[in-house]
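Report on the following structure.
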Amino acid sequence: MPYVTVQMLEGRTDEQRKALIEKVTDAVVETTGAAREKVVVFVEDIDKRNYGVGGKRLVD
């Protein structure tokens with residue numbers, strides 16, 4: 001059973017999440033031959049307050 005975790009900054013719509021999950025699932029099925037109903041996709045939002053680049057938070 002393949003498990004895929006996608007971490008991304010917060011702010012995507014439900015429609016974007018739905019499309020992402022569908023396309024990631026398609027890619028896993030296509031490349032691994034796993035059964036579609038066995039593919040699990042987790043989408044984790046990262047709060048922009050908890051994400052920094054170059055020593056600065058994105059919200060600063």
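Note on naming: chains are A, B, ... as they come in the structure tokens, residues start from 1 per chain, ligands start from 1 in the order shown.
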I'd like the contact shell of A:Thr31 - 12 Å cut-off, only C-alpha atoms, skipping same-chain residues fewer than 6 positions apart - returned as a PyMOL selection string.
chain A and resi 2+24-25
How would the residues just chosen look if you wrote them out with C-alpha atoms as a PDB file, in the first residue's frame?
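See out31.pdb below for the written result:
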```
ATOM      1  CA  PRO A   2       1.797   3.174  -1.143  1.00  0.00           C
ATOM      2  CA  VAL A  24      -0.663  12.071  -7.332  1.00  0.00           C
ATOM      3  CA  THR A  25      -2.752   8.912  -7.127  1.00  0.00           C
TER       4      THR A  25
END
```
Run DSSP on the backbone and tell me which residues of chain A come out as strand (DSSP E); list them as a PyMOL selection string.
chain A and resi 3-9+40-46+52-53+56-57
Closest of A:Lys38, A:Leu9, A:Thr32, A:Val4 to A:Gly52 - atom-to-atom distances counting only C-alpha atoms:
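So, comparing all the options, the nearest one is A:Leu9.
When only C-alpha atoms are used to compute distances to A:Asp45, the closest of the residues A:Val29, A:Ile21, A:Val6, A:Leu58 turns out to be A:Val6.
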Which residue, A:Val28, A:Ala34, A:Val53, A:Ile46, has the smallest gap to A:Arg12 when you use only C-alpha atoms?
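Counting only C-alpha atoms, the residue closest to A:Arg12 is A:Ile46.
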Straight-line distance linking atom CA of A:Asp14 with atom CA of A:Glu44, stated in Å to one decimal:
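One can read the atom CA of A:Asp14 to atom CA of A:Glu44 distance as 12.9 Å.
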Interatomic distance between atom CA of A:Asn50 and atom CA of A:Arg17?
20.6 Å
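Using only C-alpha atoms, the shortest contact distance between A:Phe42 and any of A:Thr13, A:Lys56, A:Tyr3, A:Asp26 is found at A:Tyr3.
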If you run DSSP on the backbone here, which positions in chain A get alpha helix (DSSP H)? Please write them as number ranges by chain.
A: 14-32
Now that the selection is made, can you save its residues with C-alpha atoms as a PDB file, in the first residue's frame?
```pdb
ATOM      1  CA  ASP A  14     -10.429  22.415  -1.763  1.00  0.00           C
ATOM      2  CA  GLU A  15     -10.596  22.060  -5.553  1.00  0.00           C
ATOM      3  CA  GLN A  16      -6.805  22.351  -5.811  1.00  0.00           C
ATOM      4  CA  ARG A  17      -6.375  19.742  -3.076  1.00  0.00           C
ATOM      5  CA  LYS A  18      -8.807  17.398  -4.782  1.00  0.00           C
ATOM      6  CA  ALA A  19      -6.983  17.723  -8.120  1.00  0.00           C
ATOM      7  CA  LEU A  20      -3.605  17.219  -6.437  1.00  0.00           C
ATOM      8  CA  ILE A  21      -4.747  14.037  -4.700  1.00  0.00           C
ATOM      9  CA  GLU A  22      -6.210  12.679  -7.942  1.00  0.00           C
ATOM     10  CA  LYS A  23      -3.060  13.403  -9.972  1.00  0.00           C
ATOM     11  CA  VAL A  24      -0.663  12.071  -7.332  1.00  0.00           C
ATOM     12  CA  THR A  25      -2.752   8.912  -7.127  1.00  0.00           C
ATOM     13  CA  ASP A  26      -2.698   8.582 -10.927  1.00  0.00           C
ATOM     14  CA  ALA A  27       1.095   8.962 -10.964  1.00  0.00           C
ATOM     15  CA  VAL A  28       1.599   6.322  -8.273  1.00  0.00           C
ATOM     16  CA  VAL A  29      -0.723   3.866 -10.033  1.00  0.00           C
ATOM     17  CA  GLU A  30       0.962   4.491 -13.387  1.00  0.00           C
ATOM     18  CA  THR A  31       4.546   4.196 -12.152  1.00  0.00           C
ATOM     19  CA  THR A  32       4.222   1.427  -9.563  1.00  0.00           C
TER      20      THR A  32
END
```
Go ahead and compute the interatomic distance for atom CA of A:Tyr51 and atom CA of A:Thr5, in Å to one decimal.
17.5 Å
